[in-house]
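For reference, my_file.tsv (TSV, C-alpha atoms):
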chain	number	residue	atom	x	y	z
G	1	MET	CA	-21.10	10.31	-12.33
G	2	GLY	CA	-18.31	11.73	-10.22
G	3	GLU	CA	-17.93	15.38	-9.29
G	4	ALA	CA	-15.87	16.14	-12.35
G	5	GLY	CA	-18.18	14.29	-14.71
G	6	THR	CA	-15.94	11.26	-15.06
G	7	THR	CA	-17.58	7.87	-14.83
G	8	VAL	CA	-17.31	6.05	-11.54
G	9	ALA	CA	-18.15	2.37	-11.60
G	10	GLU	CA	-19.82	0.79	-8.60
G	11	ARG	CA	-18.09	-2.29	-7.27
G	12	SER	CA	-20.37	-5.29	-7.10
G	13	THR	CA	-19.63	-8.92	-6.42
G	14	ALA	CA	-23.23	-10.08	-6.42
G	15	THR	CA	-24.59	-11.86	-9.45
G	16	SER	CA	-27.87	-13.52	-10.16
G	17	SER	CA	-29.30	-15.79	-12.77
G	18	GLU	CA	-31.14	-12.76	-14.17
G	19	GLN	CA	-27.79	-11.19	-15.08
G	20	ARG	CA	-26.69	-14.11	-17.25
G	21	PRO	CA	-26.40	-13.19	-20.91
G	22	ALA	CA	-28.13	-15.03	-23.70
G	23	SER	CA	-24.78	-16.67	-24.43
G	24	ALA	CA	-25.26	-18.64	-21.20
G	25	GLN	CA	-28.01	-20.59	-22.95
G	26	HIS	CA	-27.89	-23.09	-25.78
G	27	ALA	CA	-30.41	-24.16	-28.35
G	28	THR	CA	-32.16	-27.51	-28.11
G	29	GLY	CA	-33.24	-29.64	-31.04
G	30	ASP	CA	-36.70	-28.03	-31.12
G	31	GLY	CA	-35.29	-24.50	-31.42
G	32	SER	CA	-35.99	-23.48	-27.82
G	33	ALA	CA	-33.25	-22.39	-25.45
G	34	GLU	CA	-32.34	-23.89	-22.12
G	35	PRO	CA	-29.75	-22.81	-19.57
G	36	ARG	CA	-26.35	-24.45	-19.75
G	37	THR	CA	-25.33	-26.62	-16.87
G	38	ASP	CA	-22.51	-25.44	-14.66
G	39	GLU	CA	-20.34	-28.29	-15.84
G	40	ALA	CA	-17.67	-27.51	-18.41
G	41	PRO	CA	-16.83	-30.08	-21.02
G	42	GLU	CA	-13.89	-32.26	-20.09
G	43	ALA	CA	-10.86	-31.78	-22.30
G	44	SER	CA	-8.03	-34.26	-22.73
G	45	GLU	CA	-5.48	-31.49	-23.19
G	46	ALA	CA	-5.42	-27.80	-22.39
G	47	PRO	CA	-6.84	-25.57	-25.14
G	48	SER	CA	-4.94	-22.68	-26.64
G	49	ALA	CA	-6.14	-19.14	-25.95
G	50	ALA	CA	-7.86	-19.14	-29.35
G	51	GLU	CA	-9.77	-22.34	-28.51
G	52	LEU	CA	-11.30	-21.10	-25.25
G	53	HIS	CA	-15.09	-20.91	-25.20
G	54	SER	CA	-17.94	-20.06	-22.86
G	55	GLY	CA	-18.24	-22.75	-20.21
G	56	HIS	CA	-14.52	-23.56	-20.17
G	57	ARG	CA	-12.88	-23.57	-16.73
G	58	LEU	CA	-9.50	-22.09	-15.87
G	59	GLY	CA	-7.73	-23.17	-12.72
G	60	LYS	CA	-10.65	-25.44	-11.74
G	61	ARG	CA	-12.25	-22.30	-10.35
G	62	TYR	CA	-13.08	-19.74	-13.04
G	63	ARG	CA	-15.85	-20.51	-15.55
G	64	LEU	CA	-15.64	-18.39	-18.70
G	65	GLU	CA	-19.02	-16.88	-19.55
G	66	GLU	CA	-18.72	-14.15	-22.17
G	67	CYS	CA	-15.85	-13.22	-24.46
G	68	ILE	CA	-15.41	-9.45	-24.43
G	69	THR	CA	-12.35	-9.16	-26.71
G	70	ARG	CA	-10.39	-11.57	-28.89
G	71	LEU	CA	-7.36	-10.27	-30.79
G	72	ASP	CA	-3.99	-11.70	-31.81
G	73	GLY	CA	-4.10	-14.67	-29.43
G	74	PHE	CA	-5.27	-12.48	-26.55
G	75	SER	CA	-8.79	-12.66	-25.13
G	76	SER	CA	-10.73	-10.96	-22.33
G	77	TRP	CA	-13.65	-12.63	-20.61
G	78	ARG	CA	-16.36	-12.07	-18.08
G	79	ALA	CA	-16.14	-15.14	-15.89
G	80	MET	CA	-17.54	-16.60	-12.69
G	81	ASP	CA	-15.33	-17.35	-9.71
G	82	GLU	CA	-17.15	-20.49	-8.64
G	83	LYS	CA	-15.40	-20.64	-5.28
G	84	LEU	CA	-16.46	-17.15	-4.18
G	85	ARG	CA	-19.53	-16.98	-6.45
G	86	ARG	CA	-18.77	-13.62	-7.97
G	87	ALA	CA	-18.15	-12.21	-11.41
G	88	VAL	CA	-14.53	-11.55	-12.39
G	89	GLY	CA	-12.71	-10.36	-15.47
G	90	ILE	CA	-10.03	-12.60	-16.99
G	91	HIS	CA	-7.42	-11.72	-19.59
G	92	VAL	CA	-5.82	-14.72	-21.32
G	93	LEU	CA	-2.85	-15.02	-23.66
G	94	PRO	CA	-0.50	-17.84	-24.67
G	95	ALA	CA	2.44	-18.33	-22.29
G	96	GLY	CA	4.73	-18.24	-25.33
G	97	HIS	CA	3.51	-14.80	-26.45
G	98	GLU	CA	6.26	-12.17	-26.49
G	99	ARG	CA	4.33	-10.00	-24.01
G	100	ALA	CA	3.43	-12.81	-21.57
G	101	PRO	CA	6.34	-12.23	-19.13
G	102	ALA	CA	5.67	-8.47	-19.05
G	103	VAL	CA	1.93	-9.03	-18.53
G	104	LEU	CA	2.59	-11.39	-15.61
G	105	ALA	CA	5.11	-9.00	-14.03
G	106	ALA	CA	2.79	-5.98	-14.42
G	107	ALA	CA	-0.22	-7.88	-13.06
G	108	ARG	CA	1.72	-9.11	-10.04
G	109	SER	CA	2.98	-5.59	-9.33
G	110	THR	CA	-0.49	-4.12	-9.76
G	111	ALA	CA	-1.96	-6.70	-7.38
G	112	LEU	CA	0.02	-5.00	-4.61
G	113	LEU	CA	-1.88	-1.72	-5.07
G	114	GLY	CA	-4.65	-1.35	-2.56
G	115	ASP	CA	-6.33	1.77	-3.90
G	116	LEU	CA	-10.02	1.45	-4.78
G	117	ARG	CA	-9.56	3.86	-7.70
G	118	PHE	CA	-7.80	1.06	-9.60
G	119	VAL	CA	-9.33	-2.20	-10.76
G	120	GLN	CA	-8.01	-4.82	-8.34
G	121	VAL	CA	-5.91	-7.62	-9.79
G	122	LEU	CA	-6.87	-10.74	-7.87
G	123	ASP	CA	-4.43	-13.26	-9.39
G	124	ALA	CA	-1.90	-13.72	-12.17
G	125	VAL	CA	-1.14	-17.30	-13.20
G	126	GLU	CA	0.78	-19.20	-15.86
G	127	GLU	CA	-0.84	-22.62	-16.26
G	128	ASN	CA	-1.22	-25.13	-19.11
G	129	ASP	CA	0.65	-22.92	-21.61
G	130	LEU	CA	-1.69	-19.99	-20.86
G	131	VAL	CA	-1.22	-16.81	-18.86
G	132	HIS	CA	-4.36	-15.53	-17.21
G	133	VAL	CA	-4.85	-12.41	-15.14
G	134	ILE	CA	-7.92	-12.34	-12.94
G	135	GLN	CA	-9.34	-9.00	-11.87
G	136	GLU	CA	-12.46	-7.72	-10.22
G	137	TRP	CA	-15.41	-7.26	-12.59
G	138	LEU	CA	-16.67	-3.69	-12.89
G	139	PRO	CA	-19.43	-3.80	-15.51
G	140	ASP	CA	-19.92	-0.02	-15.64
G	141	ALA	CA	-16.24	0.93	-15.75
G	142	VAL	CA	-14.99	2.92	-18.73
G	143	PRO	CA	-11.38	2.36	-19.81
G	144	LEU	CA	-9.16	5.43	-19.68
G	145	SER	CA	-8.36	4.96	-23.38
G	146	THR	CA	-12.07	5.32	-24.19
G	147	VAL	CA	-12.35	8.49	-22.10
G	148	LEU	CA	-9.33	9.98	-23.87
G	149	HIS	CA	-10.49	9.00	-27.37
G	150	THR	CA	-13.83	10.78	-26.98
G	151	GLY	CA	-12.06	14.11	-27.35
G	152	PRO	CA	-10.38	16.68	-25.17
G	153	LEU	CA	-11.54	16.98	-21.57
G	154	ASP	CA	-12.42	20.39	-20.25
G	155	ALA	CA	-9.87	21.86	-17.82
G	156	HIS	CA	-11.78	20.88	-14.67
G	157	GLU	CA	-12.31	17.27	-15.82
G	158	ALA	CA	-8.65	16.93	-16.84
G	159	TYR	CA	-7.50	18.32	-13.49
G	160	ALA	CA	-9.82	15.98	-11.56
G	161	LEU	CA	-8.68	12.94	-13.56
G	162	VAL	CA	-4.95	13.69	-13.19
G	163	SER	CA	-5.44	14.51	-9.51
G	164	GLN	CA	-7.16	11.17	-8.86
G	165	VAL	CA	-4.49	9.19	-10.72
G	166	SER	CA	-1.61	10.97	-9.00
G	167	SER	CA	-3.22	10.58	-5.57
G	168	ALA	CA	-3.75	6.89	-6.14
Translate the structure described by the file into structure tokens.
Amino acid sequence: MGEAGTTVAERSTATSSEQRPASAQHATGDGSAEPRTDEAPEASEAPSAAELHSGHRLGKRYRLEECITRLDGFSSWRAMDEKLRRAVGIHVLPAGHERAPAVLAAARSTALLGDLRFVQVLDAVEENDLVHVIQEWLPDAVPLSTVLHTGPLDAHEAYALVSQVSSA
């Protein structure tokens, strides 16, 4: 917890096999579970955002591991950057979506920010009819919308939050 009681997420790029969710396993014929291999199934054509699944690779580098959100063609994933061996967050939407150009532009602008108080955007790509935005993975982070929906902040918390955002 920060001074003002707002949540501060610790940045971590280390992952281990112990941190893999149950979704990183699959059932065998006898009902037991075994870990998935690191190899994604080969696909003859690129899947749509709605067809993405755990184990799929984006950009020959990012392996999708756990779907966090799926809504209206948009999905958010916890993924593994296999080149740097660290967890990342990936937001995916169809390149033809009405918001795709704005998402790409905003992500590319945000990537220029170097302040540690913001989640770092690592890449923003349009590839195979999909737009994907890769960001650092902060498992303990709480979205601002969640903080604001929990009810009014006391004066000190509100001041601290606005002060941090304006300073950044």
Where does region 132-153 of chain G meet region 95-111 of chain G within 9 Å, residue by residue, with the nearest atom pair and distance in Å to one decimal for each, counting all atoms listed in the file, listed by chain and rising number, as a Markdown table?
| residue | atom | partner | partner_atom | distance |
| --- | --- | --- | --- | --- |
| G:His132 | CA | G:Leu104 | CA | 8.2 |
| G:Val133 | CA | G:Ala107 | CA | 6.8 |
| G:Ile134 | CA | G:Ala107 | CA | 8.9 |
| G:Gln135 | CA | G:Ala111 | CA | 8.9 |
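Taking CA of Leu122 (chain G) and CA of Glu136 (chain G) as endpoints, the distance between them is 6.8 Å.
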Legend entry - For Ser75 (chain G), the nearest of the candidates G:Ala87, G:Val125, G:Leu93, G:Leu58, counting only C-alpha atoms: G:Leu93
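If you look at CA of Tyr62 (chain G) and CA of Met80 (chain G), they are 5.5 Å away from each other.
Distance annotation: of G:Val88, G:Ala168, G:Ala141, G:Ala79, the residue with the minimal separation from Leu116 (chain G) is G:Ala168; atom set is all atoms listed in the file.
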Return the padded bounding box of region 145-153 of chain G as JSON: axis-aligned, built from all atoms listed in the file, 5 Å added on each side, with centre and edge lengths in Å to one decimal.
{"center_x": -11.1, "center_y": 11.0, "center_z": -24.5, "size_x": 15.5, "size_y": 22.0, "size_z": 15.8}
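Separating CA of Asp81 (chain G) from CA of Arg61 (chain G) is a distance of 5.9 Å.
If you count only C-alpha atoms and draw a sphere of 10 Å around (-6.0, -15.4, -29.1), the protein and nucleic acid residues inside it come out as Ser48, Ala49, Ala50, Glu51, Leu52, Thr69, Arg70, Leu71, Asp72, Gly73, Phe74, Ser75, Ser76, Val92, Leu93, Pro94 and His97 of chain G.
Checking G:Arg86, G:Asp115, G:Ser54, G:Trp77 one by one against Val165 (chain G), counting all atoms listed in the file, you find the shortest gap at G:Asp115.
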Inset, instruction - Have a look at G:Leu153, G:Ile90, G:Cys67, G:Val162 and name the one nearest to Gln120 (chain G); count all atoms listed in the file. - result: G:Ile90
Write region 107-127 of chain G as a short mmCIF file (atom, residue, chain, number, x, y, z; two decimals), keeping the file's coordinate frame, completed to N, CA, C and O atoms.
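Writing the result to rebuild39.cif gives the following:
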data_model
loop_
_atom_site.label_atom_id
_atom_site.label_comp_id
_atom_site.auth_asym_id
_atom_site.auth_seq_id
_atom_site.Cartn_x
_atom_site.Cartn_y
_atom_site.Cartn_z
N ALA G 107 0.95 -7.47 -13.84
CA ALA G 107 -0.22 -7.88 -13.06
C ALA G 107 0.16 -8.15 -11.62
O ALA G 107 -0.55 -7.75 -10.69
N ARG G 108 1.29 -8.81 -11.41
CA ARG G 108 1.72 -9.11 -10.04
C ARG G 108 2.08 -7.84 -9.28
O ARG G 108 1.80 -7.72 -8.10
N SER G 109 2.67 -6.87 -9.97
CA SER G 109 2.98 -5.59 -9.33
C SER G 109 1.70 -4.82 -9.01
O SER G 109 1.56 -4.24 -7.93
N THR G 110 0.77 -4.83 -9.94
CA THR G 110 -0.49 -4.12 -9.76
C THR G 110 -1.32 -4.73 -8.64
O THR G 110 -2.04 -4.02 -7.94
N ALA G 111 -1.20 -6.03 -8.43
CA ALA G 111 -1.96 -6.70 -7.38
C ALA G 111 -1.59 -6.15 -6.00
O ALA G 111 -2.39 -6.25 -5.06
N LEU G 112 -0.42 -5.55 -5.88
CA LEU G 112 0.02 -5.00 -4.61
C LEU G 112 -0.63 -3.65 -4.28
O LEU G 112 -0.57 -3.20 -3.15
N LEU G 113 -1.22 -3.01 -5.29
CA LEU G 113 -1.88 -1.72 -5.07
C LEU G 113 -3.19 -1.95 -4.33
O LEU G 113 -3.97 -2.82 -4.69
N GLY G 114 -3.44 -1.16 -3.33
CA GLY G 114 -4.65 -1.35 -2.56
C GLY G 114 -5.62 -0.19 -2.69
O GLY G 114 -6.48 -0.02 -1.85
N ASP G 115 -5.49 0.59 -3.73
CA ASP G 115 -6.33 1.77 -3.90
C ASP G 115 -7.59 1.42 -4.67
O ASP G 115 -7.52 0.83 -5.75
N LEU G 116 -8.74 1.79 -4.14
CA LEU G 116 -10.02 1.45 -4.78
C LEU G 116 -10.25 2.20 -6.09
O LEU G 116 -11.21 1.91 -6.80
N ARG G 117 -9.41 3.15 -6.43
CA ARG G 117 -9.56 3.86 -7.70
C ARG G 117 -9.01 3.05 -8.86
O ARG G 117 -9.19 3.42 -10.01
N PHE G 118 -8.32 1.96 -8.57
CA PHE G 118 -7.80 1.06 -9.60
C PHE G 118 -8.56 -0.25 -9.57
O PHE G 118 -8.96 -0.72 -8.50
N VAL G 119 -8.74 -0.86 -10.71
CA VAL G 119 -9.33 -2.20 -10.76
C VAL G 119 -8.36 -3.14 -10.06
O VAL G 119 -7.17 -3.16 -10.36
N GLN G 120 -8.86 -3.92 -9.11
CA GLN G 120 -8.01 -4.82 -8.34
C GLN G 120 -7.66 -6.07 -9.13
O GLN G 120 -8.54 -6.75 -9.66
N VAL G 121 -6.37 -6.36 -9.22
CA VAL G 121 -5.91 -7.62 -9.79
C VAL G 121 -5.95 -8.64 -8.67
O VAL G 121 -5.36 -8.43 -7.61
N LEU G 122 -6.68 -9.73 -8.89
CA LEU G 122 -6.87 -10.74 -7.87
C LEU G 122 -5.85 -11.88 -7.96
O LEU G 122 -5.50 -12.49 -6.96
N ASP G 123 -5.39 -12.17 -9.19
CA ASP G 123 -4.43 -13.26 -9.39
C ASP G 123 -3.80 -13.13 -10.76
O ASP G 123 -4.39 -12.55 -11.67
N ALA G 124 -2.60 -13.67 -10.89
CA ALA G 124 -1.90 -13.72 -12.17
C ALA G 124 -1.20 -15.07 -12.22
O ALA G 124 -0.34 -15.35 -11.38
N VAL G 125 -1.58 -15.91 -13.20
CA VAL G 125 -1.14 -17.30 -13.20
C VAL G 125 -0.66 -17.71 -14.59
O VAL G 125 -1.24 -17.31 -15.60
N GLU G 126 0.39 -18.52 -14.63
CA GLU G 126 0.78 -19.20 -15.86
C GLU G 126 0.50 -20.67 -15.62
O GLU G 126 1.03 -21.28 -14.70
N GLU G 127 -0.39 -21.24 -16.45
CA GLU G 127 -0.84 -22.62 -16.26
C GLU G 127 -1.25 -23.21 -17.60
O GLU G 127 -1.95 -22.56 -18.38
#
